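*Asks:* Sending over model.pdb (PDB, C-alpha atoms and all ligand atoms).
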```pdb
ATOM      1  CA  MET A   1     -22.123 -14.577   8.647
ATOM      2  CA  THR A   2     -23.693 -13.120   5.523
ATOM      3  CA  SER A   3     -23.235 -15.356   2.582
ATOM      4  CA  ASN A   4     -24.666 -15.601  -0.900
ATOM      5  CA  ASN A   5     -26.026 -18.724  -2.557
ATOM      6  CA  GLU A   6     -22.773 -19.866  -4.013
ATOM      7  CA  ASP A   7     -20.533 -22.095  -1.919
ATOM      8  CA  SER A   8     -17.450 -20.444  -3.366
ATOM      9  CA  PHE A   9     -18.011 -16.923  -2.023
ATOM     10  CA  ASN A  10     -18.604 -15.836   1.549
ATOM     11  CA  SER A  11     -18.799 -12.405   3.058
ATOM     12  CA  ILE A  12     -17.987 -12.473   6.740
ATOM     13  CA  THR A  13     -17.875  -9.907   9.526
ATOM     14  CA  SER A  14     -16.909 -12.049  12.514
ATOM     15  CA  ILE A  15     -13.414 -13.233  13.398
ATOM     16  CA  SER A  16     -14.604 -16.586  14.753
ATOM     17  CA  GLU A  17     -16.628 -17.342  11.618
ATOM     18  CA  LEU A  18     -13.713 -16.447   9.381
ATOM     19  CA  ARG A  19     -11.315 -18.580  11.394
ATOM     20  CA  LYS A  20     -13.668 -21.570  11.179
ATOM     21  CA  ILE A  21     -13.904 -21.427   7.372
ATOM     22  CA  VAL A  22     -10.224 -20.741   6.796
ATOM     23  CA  GLN A  23      -9.262 -23.527   9.221
ATOM     24  CA  GLN A  24     -11.386 -26.033   7.278
ATOM     25  CA  ALA A  25      -9.718 -24.980   4.027
ATOM     26  CA  ARG A  26      -6.277 -25.238   5.601
ATOM     27  CA  LEU A  27      -7.005 -28.721   6.979
ATOM     28  CA  SER A  28      -7.981 -29.858   3.500
ATOM     29  CA  GLY A  29      -4.550 -28.807   2.293
ATOM     30  CA  LYS A  30      -5.450 -25.483   0.686
ATOM     31  CA  LYS A  31      -2.938 -22.652   0.511
ATOM     32  CA  ILE A  32      -4.428 -19.445   1.924
ATOM     33  CA  GLY A  33      -3.800 -16.016   0.394
ATOM     34  CA  VAL A  34      -4.827 -12.698   1.912
ATOM     35  CA  VAL A  35      -5.270  -9.332   0.212
ATOM     36  CA  PRO A  36      -5.589  -6.688   2.949
ATOM     37  CA  THR A  37      -7.389  -3.540   1.741
ATOM     38  CA  MET A  38      -9.343  -0.599   3.069
ATOM     39  CA  GLY A  39     -11.984  -1.149   0.374
ATOM     40  CA  ALA A  40     -13.027   1.356  -2.327
ATOM     41  CA  LEU A  41     -11.530  -1.236  -4.627
ATOM     42  CA  HIS A  42     -10.002  -0.281  -7.960
ATOM     43  CA  ALA A  43      -8.083  -2.141 -10.666
ATOM     44  CA  GLY A  44      -4.938  -2.068  -8.507
ATOM     45  CA  HIS A  45      -6.682  -4.100  -5.790
ATOM     46  CA  LEU A  46      -8.187  -6.423  -8.394
ATOM     47  CA  SER A  47      -4.697  -7.137  -9.740
ATOM     48  CA  LEU A  48      -3.677  -8.184  -6.208
ATOM     49  CA  ILE A  49      -6.651 -10.554  -6.099
ATOM     50  CA  GLN A  50      -5.615 -11.997  -9.500
ATOM     51  CA  GLU A  51      -2.074 -12.542  -8.266
ATOM     52  CA  ALA A  52      -3.422 -14.174  -5.095
ATOM     53  CA  LEU A  53      -5.658 -16.467  -7.170
ATOM     54  CA  ALA A  54      -2.674 -17.461  -9.302
ATOM     55  CA  ARG A  55      -0.520 -18.340  -6.296
ATOM     56  CA  THR A  56      -2.926 -19.647  -3.650
ATOM     57  CA  ASP A  57      -6.083 -21.796  -3.417
ATOM     58  CA  ILE A  58      -8.303 -19.724  -1.132
ATOM     59  CA  VAL A  59      -8.208 -15.942  -1.428
ATOM     60  CA  VAL A  60      -9.383 -13.845   1.510
ATOM     61  CA  VAL A  61      -9.872 -10.122   0.828
ATOM     62  CA  THR A  62     -10.135  -7.904   3.892
ATOM     63  CA  LEU A  63     -12.075  -4.638   3.680
ATOM     64  CA  PHE A  64     -11.360  -2.588   6.772
ATOM     65  CA  VAL A  65     -10.884   1.152   7.049
ATOM     66  CA  ASN A  66      -8.414   1.035   9.894
ATOM     67  CA  PRO A  67      -8.890   3.986  12.270
ATOM     68  CA  THR A  68      -5.493   3.667  13.927
ATOM     69  CA  GLN A  69      -3.568   4.554  10.770
ATOM     70  CA  PHE A  70      -5.332   7.918  10.394
ATOM     71  CA  SER A  71      -4.375  10.942  12.452
ATOM     72  CA  PRO A  72      -7.226  13.107  13.792
ATOM     73  CA  ASP A  73      -6.807  15.642  10.943
ATOM     74  CA  GLU A  74      -6.954  12.989   8.203
ATOM     75  CA  ASP A  75      -9.846  11.599   6.163
ATOM     76  CA  PHE A  76     -10.942   8.592   8.277
ATOM     77  CA  GLY A  77     -14.546   9.829   8.508
ATOM     78  CA  ASN A  78     -14.790  10.632   4.804
ATOM     79  CA  TYR A  79     -12.817   7.680   3.504
ATOM     80  CA  PRO A  80     -15.025   5.986   0.867
ATOM     81  CA  ARG A  81     -16.813   2.822   2.064
ATOM     82  CA  PRO A  82     -18.770   1.389  -0.882
ATOM     83  CA  VAL A  83     -19.111  -2.036   0.790
ATOM     84  CA  GLU A  84     -21.804  -3.522  -1.481
ATOM     85  CA  GLU A  85     -19.884  -2.513  -4.605
ATOM     86  CA  ASP A  86     -16.657  -3.875  -3.132
ATOM     87  CA  LEU A  87     -18.303  -7.209  -2.315
ATOM     88  CA  LYS A  88     -19.575  -7.451  -5.886
ATOM     89  CA  LYS A  89     -16.106  -6.669  -7.267
ATOM     90  CA  CYS A  90     -14.482  -9.288  -5.032
ATOM     91  CA  LYS A  91     -16.993 -11.911  -6.062
ATOM     92  CA  GLU A  92     -16.601 -11.101  -9.756
ATOM     93  CA  ALA A  93     -12.817 -11.167  -9.393
ATOM     94  CA  GLY A  94     -13.047 -14.713  -8.002
ATOM     95  CA  ALA A  95     -12.119 -14.099  -4.339
ATOM     96  CA  HIS A  96     -13.451 -16.806  -2.025
ATOM     97  CA  LEU A  97     -13.909 -14.910   1.231
ATOM     98  CA  VAL A  98     -14.343 -11.261   2.095
ATOM     99  CA  PHE A  99     -13.757 -10.247   5.680
ATOM    100  CA  HIS A 100     -15.306  -6.845   6.433
ATOM    101  CA  PRO A 101     -15.473  -6.457  10.185
ATOM    102  CA  ASP A 102     -16.724  -3.477  12.183
ATOM    103  CA  VAL A 103     -14.146  -1.453  14.062
ATOM    104  CA  SER A 104     -15.425  -3.005  17.334
ATOM    105  CA  GLU A 105     -14.618  -6.522  16.044
ATOM    106  CA  ILE A 106     -10.979  -5.598  15.414
ATOM    107  CA  TYR A 107     -10.531  -3.178  18.323
ATOM    108  CA  PRO A 108     -13.011  -4.365  21.005
ATOM    109  CA  GLU A 109     -11.313  -2.354  23.732
ATOM    110  CA  ASP A 110      -8.328  -0.104  24.336
ATOM    111  CA  ALA A 111      -5.212  -2.045  23.476
ATOM    112  CA  TYR A 112      -1.850  -1.816  25.201
ATOM    113  CA  THR A 113       0.099  -3.434  22.393
ATOM    114  CA  THR A 114       1.159  -2.017  19.066
ATOM    115  CA  VAL A 115       3.538  -3.327  16.440
ATOM    116  CA  SER A 116       6.141  -0.800  15.478
ATOM    117  CA  VAL A 117       8.913  -1.213  12.916
ATOM    118  CA  ASN A 118      11.432   1.433  13.823
ATOM    119  CA  THR A 119      13.926   3.312  11.621
ATOM    120  CA  ILE A 120      12.372   2.674   8.195
ATOM    121  CA  SER A 121       8.988   3.832   9.492
ATOM    122  CA  GLU A 122      10.438   7.141  10.672
ATOM    123  CA  LYS A 123      11.585   8.257   7.215
ATOM    124  CA  LEU A 124       9.562   9.759   4.361
ATOM    125  CA  GLU A 125       5.874   9.112   5.174
ATOM    126  CA  GLY A 126       6.821   8.784   8.843
ATOM    127  CA  GLN A 127       8.049  12.388   8.883
ATOM    128  CA  PHE A 128       4.666  13.657   7.768
ATOM    129  CA  ARG A 129       2.374  11.003   9.264
ATOM    130  CA  PRO A 130       4.183  10.033  12.496
ATOM    131  CA  THR A 131       1.497   7.658  13.828
ATOM    132  CA  HIS A 132       0.485   6.147  10.495
ATOM    133  CA  PHE A 133       2.771   3.147  10.198
ATOM    134  CA  ASP A 134       2.248   1.863  13.736
ATOM    135  CA  GLY A 135      -1.443   1.746  12.846
ATOM    136  CA  VAL A 136      -0.661  -0.109   9.617
ATOM    137  CA  THR A 137       1.745  -2.683  11.051
ATOM    138  CA  THR A 138      -0.495  -3.300  14.058
ATOM    139  CA  VAL A 139      -3.608  -3.936  11.975
ATOM    140  CA  VAL A 140      -1.732  -6.026   9.407
ATOM    141  CA  MET A 141      -0.299  -8.171  12.225
ATOM    142  CA  LYS A 142      -3.829  -8.530  13.645
ATOM    143  CA  LEU A 143      -5.169  -9.510  10.203
ATOM    144  CA  PHE A 144      -2.345 -12.033   9.800
ATOM    145  CA  ASN A 145      -3.202 -13.498  13.212
ATOM    146  CA  ILE A 146      -6.887 -13.651  12.319
ATOM    147  CA  VAL A 147      -6.550 -15.148   8.827
ATOM    148  CA  LEU A 148      -3.274 -17.081   9.313
ATOM    149  CA  PRO A 149      -2.467 -16.815   5.602
ATOM    150  CA  ASP A 150       0.397 -18.516   3.819
ATOM    151  CA  VAL A 151       0.898 -15.566   1.464
ATOM    152  CA  ALA A 152      -0.090 -11.880   1.668
ATOM    153  CA  PHE A 153      -0.307  -9.480  -1.263
ATOM    154  CA  PHE A 154       0.347  -5.725  -1.151
ATOM    155  CA  GLY A 155       0.767  -3.045  -3.803
ATOM    156  CA  GLN A 156       4.153  -1.593  -4.562
ATOM    157  CA  LYS A 157       2.469   1.797  -4.862
ATOM    158  CA  ASP A 158       2.722   1.971  -1.055
ATOM    159  CA  TYR A 159       6.428   1.294  -1.296
ATOM    160  CA  GLN A 160       7.382   2.104   2.284
ATOM    161  CA  GLN A 161       4.395   0.164   3.631
ATOM    162  CA  GLN A 162       5.295  -3.077   1.821
ATOM    163  CA  LEU A 163       8.909  -2.695   2.934
ATOM    164  CA  LEU A 164       7.843  -2.305   6.575
ATOM    165  CA  ILE A 165       5.519  -5.276   6.391
ATOM    166  CA  LYS A 166       8.274  -7.456   4.904
ATOM    167  CA  ARG A 167      10.577  -6.298   7.693
ATOM    168  CA  MET A 168       7.960  -6.947  10.400
ATOM    169  CA  VAL A 169       7.426 -10.490   9.108
ATOM    170  CA  LYS A 170      11.175 -11.126   9.029
ATOM    171  CA  ASP A 171      11.917  -9.585  12.434
ATOM    172  CA  LEU A 172       9.017 -11.292  14.223
ATOM    173  CA  ASN A 173       9.303 -14.683  12.447
ATOM    174  CA  VAL A 174       5.762 -14.423  11.104
ATOM    175  CA  PRO A 175       5.222 -17.437   8.829
ATOM    176  CA  VAL A 176       3.722 -15.437   5.957
ATOM    177  CA  GLU A 177       5.269 -14.814   2.550
ATOM    178  CA  VAL A 178       4.767 -11.165   1.599
ATOM    179  CA  ILE A 179       4.513 -10.390  -2.093
ATOM    180  CA  ALA A 180       4.588  -6.833  -3.430
ATOM    181  CA  CYS A 181       2.769  -6.513  -6.757
ATOM    182  CA  PRO A 182       3.418  -3.847  -9.416
ATOM    183  CA  THR A 183       1.606  -0.522  -9.280
ATOM    184  CA  ILE A 184      -1.382  -0.365 -11.627
ATOM    185  CA  ARG A 185      -1.729   2.927 -13.486
ATOM    186  CA  ASP A 186      -4.415   4.624 -15.495
ATOM    187  CA  PRO A 187      -3.488   4.767 -19.212
ATOM    188  CA  ASP A 188      -2.109   8.298 -18.731
ATOM    189  CA  GLY A 189       0.253   7.138 -15.975
ATOM    190  CA  LEU A 190      -1.501   8.170 -12.746
ATOM    191  CA  ALA A 191      -1.104   5.445 -10.131
ATOM    192  CA  MET A 192      -4.464   4.041  -9.076
ATOM    193  CA  SER A 193      -5.506   5.017  -5.572
ATOM    194  CA  SER A 194      -8.824   5.066  -3.735
ATOM    195  CA  ARG A 195      -8.077   8.720  -2.982
ATOM    196  CA  ASN A 196      -7.978   9.679  -6.700
ATOM    197  CA  GLN A 197     -11.753   9.979  -6.518
ATOM    198  CA  TYR A 198     -11.333  13.093  -4.334
ATOM    199  CA  LEU A 199      -9.630  14.918  -7.258
ATOM    200  CA  SER A 200     -11.565  17.464  -9.331
ATOM    201  CA  LYS A 201     -11.233  17.199 -13.125
ATOM    202  CA  GLN A 202      -8.575  19.926 -13.097
ATOM    203  CA  GLU A 203      -6.708  18.341 -10.171
ATOM    204  CA  ARG A 204      -6.789  14.963 -11.911
ATOM    205  CA  GLU A 205      -4.893  16.596 -14.822
ATOM    206  CA  THR A 206      -2.452  18.262 -12.453
ATOM    207  CA  ALA A 207      -1.871  14.968 -10.623
ATOM    208  CA  LEU A 208      -0.055  13.670 -13.711
ATOM    209  CA  LEU A 209       2.880  15.786 -12.583
ATOM    210  CA  VAL A 210       3.486  13.146  -9.905
ATOM    211  CA  PRO A 211       4.350  10.237 -12.255
ATOM    212  CA  GLU A 212       6.014  12.715 -14.621
ATOM    213  CA  SER A 213       8.372  13.863 -11.869
ATOM    214  CA  LEU A 214       9.397  10.243 -11.287
ATOM    215  CA  LYS A 215      10.001   9.717 -15.003
ATOM    216  CA  LEU A 216      12.065  12.895 -15.039
ATOM    217  CA  ALA A 217      14.274  11.517 -12.252
ATOM    218  CA  GLU A 218      14.699   8.303 -14.205
ATOM    219  CA  LYS A 219      15.582  10.165 -17.401
ATOM    220  CA  MET A 220      18.130  12.371 -15.664
ATOM    221  CA  LEU A 221      19.791   9.371 -14.014
ATOM    222  CA  LEU A 222      19.821   7.363 -17.247
ATOM    223  CA  ASP A 223      21.286  10.391 -19.022
ATOM    224  CA  GLY A 224      24.161  10.261 -16.559
ATOM    225  CA  GLU A 225      23.241  12.991 -14.051
ATOM    226  CA  GLU A 226      24.968  12.191 -10.749
ATOM    227  CA  ASP A 227      24.051  15.244  -8.696
ATOM    228  CA  PHE A 228      21.092  13.989  -6.668
ATOM    229  CA  ASP A 229      20.206  17.415  -5.289
ATOM    230  CA  LYS A 230      19.958  18.695  -8.841
ATOM    231  CA  ILE A 231      17.622  15.827  -9.785
ATOM    232  CA  LYS A 232      15.420  16.395  -6.720
ATOM    233  CA  ASP A 233      15.297  20.134  -7.398
ATOM    234  CA  ALA A 234      14.203  19.423 -10.975
ATOM    235  CA  MET A 235      11.479  17.078  -9.686
ATOM    236  CA  LYS A 236      10.234  19.715  -7.209
ATOM    237  CA  LYS A 237      10.318  22.383  -9.899
ATOM    238  CA  LEU A 238       8.209  20.246 -12.200
ATOM    239  CA  LEU A 239       5.735  19.381  -9.431
ATOM    240  CA  THR A 240       5.327  22.980  -8.306
ATOM    241  CA  SER A 241       4.878  24.206 -11.873
ATOM    242  CA  SER A 242       1.227  24.008 -10.790
ATOM    243  CA  ASP A 243       0.001  26.164  -7.886
ATOM    244  CA  GLU A 244      -2.282  23.284  -6.920
ATOM    245  CA  VAL A 245       0.675  21.129  -5.839
ATOM    246  CA  LYS A 246       2.351  21.200  -2.449
ATOM    247  CA  VAL A 247       5.307  18.850  -2.111
ATOM    248  CA  ASP A 248       5.771  16.897   1.128
ATOM    249  CA  TYR A 249       8.922  15.177  -0.112
ATOM    250  CA  VAL A 250      10.842  13.904  -3.090
ATOM    251  CA  SER A 251      13.416  11.237  -2.400
ATOM    252  CA  LEU A 252      16.038   9.173  -4.195
ATOM    253  CA  ALA A 253      16.583   6.351  -1.788
ATOM    254  CA  HIS A 254      18.106   2.957  -1.237
ATOM    255  CA  PRO A 255      15.368   0.423  -2.131
ATOM    256  CA  GLU A 256      15.770  -1.590   1.105
ATOM    257  CA  THR A 257      16.807   0.898   3.789
ATOM    258  CA  LEU A 258      15.214   4.054   2.351
ATOM    259  CA  GLU A 259      18.432   5.896   3.222
ATOM    260  CA  GLU A 260      18.687   9.018   1.081
ATOM    261  CA  LEU A 261      21.327   8.318  -1.580
ATOM    262  CA  LYS A 262      24.155  10.626  -2.499
ATOM    263  CA  GLN A 263      25.632   8.658  -5.364
ATOM    264  CA  VAL A 264      24.461   6.374  -8.126
ATOM    265  CA  GLN A 265      23.991   2.663  -7.546
ATOM    266  CA  PRO A 266      22.384  -0.108  -9.630
ATOM    267  CA  GLU A 267      18.898   0.282  -8.136
ATOM    268  CA  ILE A 268      17.385   3.469  -6.794
ATOM    269  CA  VAL A 269      13.831   4.117  -5.667
ATOM    270  CA  ALA A 270      12.428   7.540  -6.446
ATOM    271  CA  LEU A 271       9.542   8.474  -4.157
ATOM    272  CA  VAL A 272       7.197  11.431  -4.114
ATOM    273  CA  ALA A 273       4.466  12.635  -1.751
ATOM    274  CA  THR A 274       2.416  15.681  -2.624
ATOM    275  CA  TYR A 275      -0.877  17.353  -2.046
ATOM    276  CA  VAL A 276      -2.829  18.100  -5.193
ATOM    277  CA  GLY A 277      -5.442  20.492  -3.867
ATOM    278  CA  SER A 278      -6.423  18.844  -0.585
ATOM    279  CA  THR A 279      -5.729  15.279  -1.759
ATOM    280  CA  ARG A 280      -2.505  13.641  -0.692
ATOM    281  CA  LEU A 281      -0.919  11.435  -3.353
ATOM    282  CA  ILE A 282       2.136   9.200  -3.146
ATOM    283  CA  ASP A 283       3.950   7.367  -5.922
ATOM    284  CA  ASN A 284       7.322   5.787  -6.614
ATOM    285  CA  ARG A 285       9.450   4.316  -9.368
ATOM    286  CA  ILE A 286      12.310   1.857  -9.178
ATOM    287  CA  ILE A 287      15.125   3.019 -11.405
ATOM    288  CA  HIS A 288      17.593   0.460 -12.741
ATOM    289  CA  LEU A 289      20.988   1.737 -13.738
ATOM    290  CA  SER A 290      22.266  -1.514 -15.166
ATOM    291  CA  SER A 291      25.718  -0.257 -16.150
ATOM    292  CA  ILE A 292      26.586   0.747 -12.553
ATOM    293  CA  SER A 293      28.310  -1.903 -10.447
ATOM    294  CA  SER A 294      27.220  -2.106  -6.798
ATOM    295  CA  ASN A 295      30.651  -1.264  -5.308
ATOM    296  CA  GLN A 296      30.929   1.938  -7.278
TER     297      GLN A 296
HETATM  298  O1  LIG B   1      -2.743  -0.253   2.026
HETATM  299  C1  LIG B   1      -3.812  -0.269   2.675
HETATM  300  O2  LIG B   1      -4.915  -0.265   2.124
HETATM  301  C2  LIG B   1      -3.754  -0.319   4.193
HETATM  302  O3  LIG B   1      -2.709   0.437   4.682
HETATM  303  C3  LIG B   1      -3.727  -1.746   4.763
HETATM  304  C4  LIG B   1      -2.455  -2.484   4.367
HETATM  305  C5  LIG B   1      -4.931  -2.533   4.272
HETATM  306  C6  LIG B   1      -3.771  -1.705   6.297
HETATM  307  O4  LIG B   1      -4.925  -1.082   6.748
END
```
Step by step, read the file and then write its structure as structure tokens.
Ligand code: PAF
*Replies:*
Amino acid sequence: MTSNNEDSFNSITSISELRKIVQQARLSGKKIGVVPTMGALHAGHLSLIQEALARTDIVVVTLFVNPTQFSPDEDFGNYPRPVEEDLKKCKEAGAHLVFHPDVSEIYPEDAYTTVSVNTISEKLEGQFRPTHFDGVTTVVMKLFNIVLPDVAFFGQKDYQQQLLIKRMVKDLNVPVEVIACPTIRDPDGLAMSSRNQYLSKQERETALLVPESLKLAEKMLLDGEEDFDKIKDAMKKLLTSSDEVKVDYVSLAHPETLEELKQVQPEIVALVATYVGSTRLIDNRIIHLSSISSNQ
């Protein structure tokens, strides 16, 4: 274990050490919260830590760039790993424990078991990153089994991810409450993401088309547009008004099932995935159409 001088903050790399400390806290009646991350922490992650501090007594942040959720052509090798900075941010934010294991601690040998949430994982992101979500749900289940938290906190920015994790917990009777926290945005509207740091200055400007396309969908729906293909075409047109953007998908979906919708209903989730240059960005917006009744 590496730990600093203060009793209230520990940085830990071993599963057994983490379990020992968390177990002691649990036995003394403390409620345990976990904030799973891949590090490169930004204000979005810090808001998860704040929420965890508000709702639980001991907050464990995990920093682990999980290899199994990257395909061979993705950015696993280059993914930012500013561990010292992340530890400082966690400590300043008031987290109690940071778990930042090596890959060999989490995956000591070839495993024969994966956790897979079917159907919802095959849509949207699953179409473009077919192995991604099995990697996510497997590592999150492992982290839950390691930390044994009462509550886990995820960002709503990864809409499909938080939905899958909630489903996994429900389907497998995992005794963890999963809370999805609102997306944190830069003042100009871009959703915070560790990958934003890959964007050039010009691409950072262009990336604003992503939240703008979601706002456009909302405006069209609130203005009474009911032709979903027309709305999605308008979103794509806006996104591809820059040559730097390549659209993977735009979707107007049911917030729970992610089924593509064909007609208006009280709550719709608009989701977008694009490349801006070589950086892949995802974002979403929940659109409330309060005047629509659910059986319409
Ligand atoms: O959202 C992330 O950072 C990751 O997918 C997660 C949930 C930490 C699993 O590696």
*Asks:* Report, in Å with one decimal, the straight-line distance from CA of Val103 (chain A) to CA of Ala52 (chain A).
*Replies:*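 One can read the CA of Val103 (chain A) to CA of Ala52 (chain A) distance as 25.4 Å.
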*Asks:* For region 134-151 of chain A, list every protein, DNA or RNA residue within 9 Å, evaluated using only C-alpha atoms, and leave out those in the same chain fewer than 2 positions away; present the list as a PyMOL selection string.
*Replies:* chain A and resi 15-16+18-19+22-23+31-36+52+55-56+60+62+66-70+106+113-117+121+130-132+153+161+164-165+168-169+174-179
*Asks:* Give me the region 199-249 of chain A side of the contact with region 285-289 of chain A, cut-off 8 Å, one line per residue showing its nearest atom pair and distance in Å at one decimal, counting only C-alpha atoms, sorted by chain and residue number, as JSON lines.
*Replies:*
```
{"residue": "A:Leu214", "atom": "CA", "partner": "A:Arg285", "partner_atom": "CA", "distance": 6.2}
{"residue": "A:Lys215", "atom": "CA", "partner": "A:Arg285", "partner_atom": "CA", "distance": 7.8}
{"residue": "A:Glu218", "atom": "CA", "partner": "A:Ile287", "partner_atom": "CA", "distance": 6.0}
{"residue": "A:Leu221", "atom": "CA", "partner": "A:Leu289", "partner_atom": "CA", "distance": 7.7}
{"residue": "A:Leu222", "atom": "CA", "partner": "A:Leu289", "partner_atom": "CA", "distance": 6.7}
```
*Asks:* Would you work out the distance separating atom O2 of ligand LIG 1 (chain B) from CA of Pro101 (chain A), expressed in Å to one decimal?
*Replies:* 14.7 Å
*Asks:* Have a look at A:Thr274, A:Ser47, A:Thr13, A:Ser251 and name the one nearest to Ala95 (chain A); count only C-alpha atoms.
*Replies:*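 Once distances to Ala95 (chain A) are computed over only C-alpha atoms, the minimum belongs to A:Ser47.
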*Asks:* Report, in Å to a single decimal, how far apart CA of Tyr249 (chain A) and CA of Lys236 (chain A) are.
*Replies:*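 Atom-to-atom, CA of Lys236 (chain A) to CA of Tyr249 (chain A), that is 8.5 Å.
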*Asks:* Taking all listed atoms of ligand LIG 1 (chain B), build the axis-aligned box, pad each of the six sides by 5 Å, then write its centre and edge lengths in Å to one decimal as lines of an AutoDock Vina configuration file.
*Replies:*
```
center_x = -3.7
center_y = -1.0
center_z = 4.4
size_x = 12.5
size_y = 13.0
size_z = 14.7
```
*Asks:* For ligand LIG 1 (chain B), which of A:Lys20, A:His96, A:Lys237, A:Lys166 is the closest residue, counting all atoms listed in the file?
*Replies:*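 Of the candidates, the smallest distance to ligand LIG 1 (chain B) is held by A:Lys166.
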*Asks:* Using the chain letters and residue numbers of this document, give as a PyMOL selection string the residues selected by the PyMOL selection byres (((chain A and resi 275) around 10) and not hetatm).
*Replies:* chain A and resi 207+210+244-248+273-274+276-282
*Asks:* Counting only C-alpha atoms and all ligand atoms, figure out which residue out of A:Asp75, A:Phe133, A:His42, A:Ile12 gets nearest to ligand LIG 1 (chain B).
*Replies:* A:Phe133
*Asks:* Of the candidates A:Ala270, A:Ala217, A:Met38, A:Leu97, which shows the shortest atom-to-atom distance to Ala25 (chain A), using all atoms listed in the file?
*Replies:* A:Leu97
*Asks:* Residue by residue, what does the PyMOL selection byres (((chain A and resi 160) around 10) and not hetatm) grab here? Present the result as an MDAnalysis selection string.
*Replies:* chainID A and resid 120:121 123:126 133 156:159 161:166 255:258 271 284
*Asks:* Could you tell me, as a PyMOL selection string, exactly which residues end up selected when the PyMOL selection byres (((chain A and resi 233) around 12) and not hetatm) is applied to this structure?
*Replies:* chain A and resi 213+216-217+220+227-232+234-240+247+249-252
*Asks:* Taking into account all atoms listed in the file, which residue in the set A:Ile268, A:Ala40, A:Ile184, A:Leu46 is nearest to Arg81 (chain A)?
*Replies:*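 The answer is A:Ala40, which sits nearest to Arg81 (chain A).
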*Asks:* Rank nothing, just name the residue among A:Ser193, A:Gln24, A:Gln50, A:Gln265 nearest to Cys90 (chain A), using all atoms listed in the file.
*Replies:*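 Distance minimum relative to Cys90 (chain A) lands on A:Gln50.
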*Asks:* Would you list the residues near (-17.1, 0.1, -4.9) (no more than 12 Å away, in the coordinates of the file, using all atoms listed in the file) as a short mmCIF file (atom, residue, chain, number, x, y, z; two decimals) with C-alpha atoms, in the coordinates of the input?
*Replies:*
```
data_model
loop_
_atom_site.label_atom_id
_atom_site.label_comp_id
_atom_site.auth_asym_id
_atom_site.auth_seq_id
_atom_site.Cartn_x
_atom_site.Cartn_y
_atom_site.Cartn_z
CA MET A 38 -9.34 -0.60 3.07
CA GLY A 39 -11.98 -1.15 0.37
CA ALA A 40 -13.03 1.36 -2.33
CA LEU A 41 -11.53 -1.24 -4.63
CA HIS A 42 -10.00 -0.28 -7.96
CA ALA A 43 -8.08 -2.14 -10.67
CA HIS A 45 -6.68 -4.10 -5.79
CA LEU A 46 -8.19 -6.42 -8.39
CA LEU A 63 -12.08 -4.64 3.68
CA PRO A 80 -15.02 5.99 0.87
CA ARG A 81 -16.81 2.82 2.06
CA PRO A 82 -18.77 1.39 -0.88
CA VAL A 83 -19.11 -2.04 0.79
CA GLU A 84 -21.80 -3.52 -1.48
CA GLU A 85 -19.88 -2.51 -4.61
CA ASP A 86 -16.66 -3.88 -3.13
CA LEU A 87 -18.30 -7.21 -2.32
CA LYS A 88 -19.58 -7.45 -5.89
CA LYS A 89 -16.11 -6.67 -7.27
CA CYS A 90 -14.48 -9.29 -5.03
CA SER A 194 -8.82 5.07 -3.74
CA GLN A 197 -11.75 9.98 -6.52
#
```
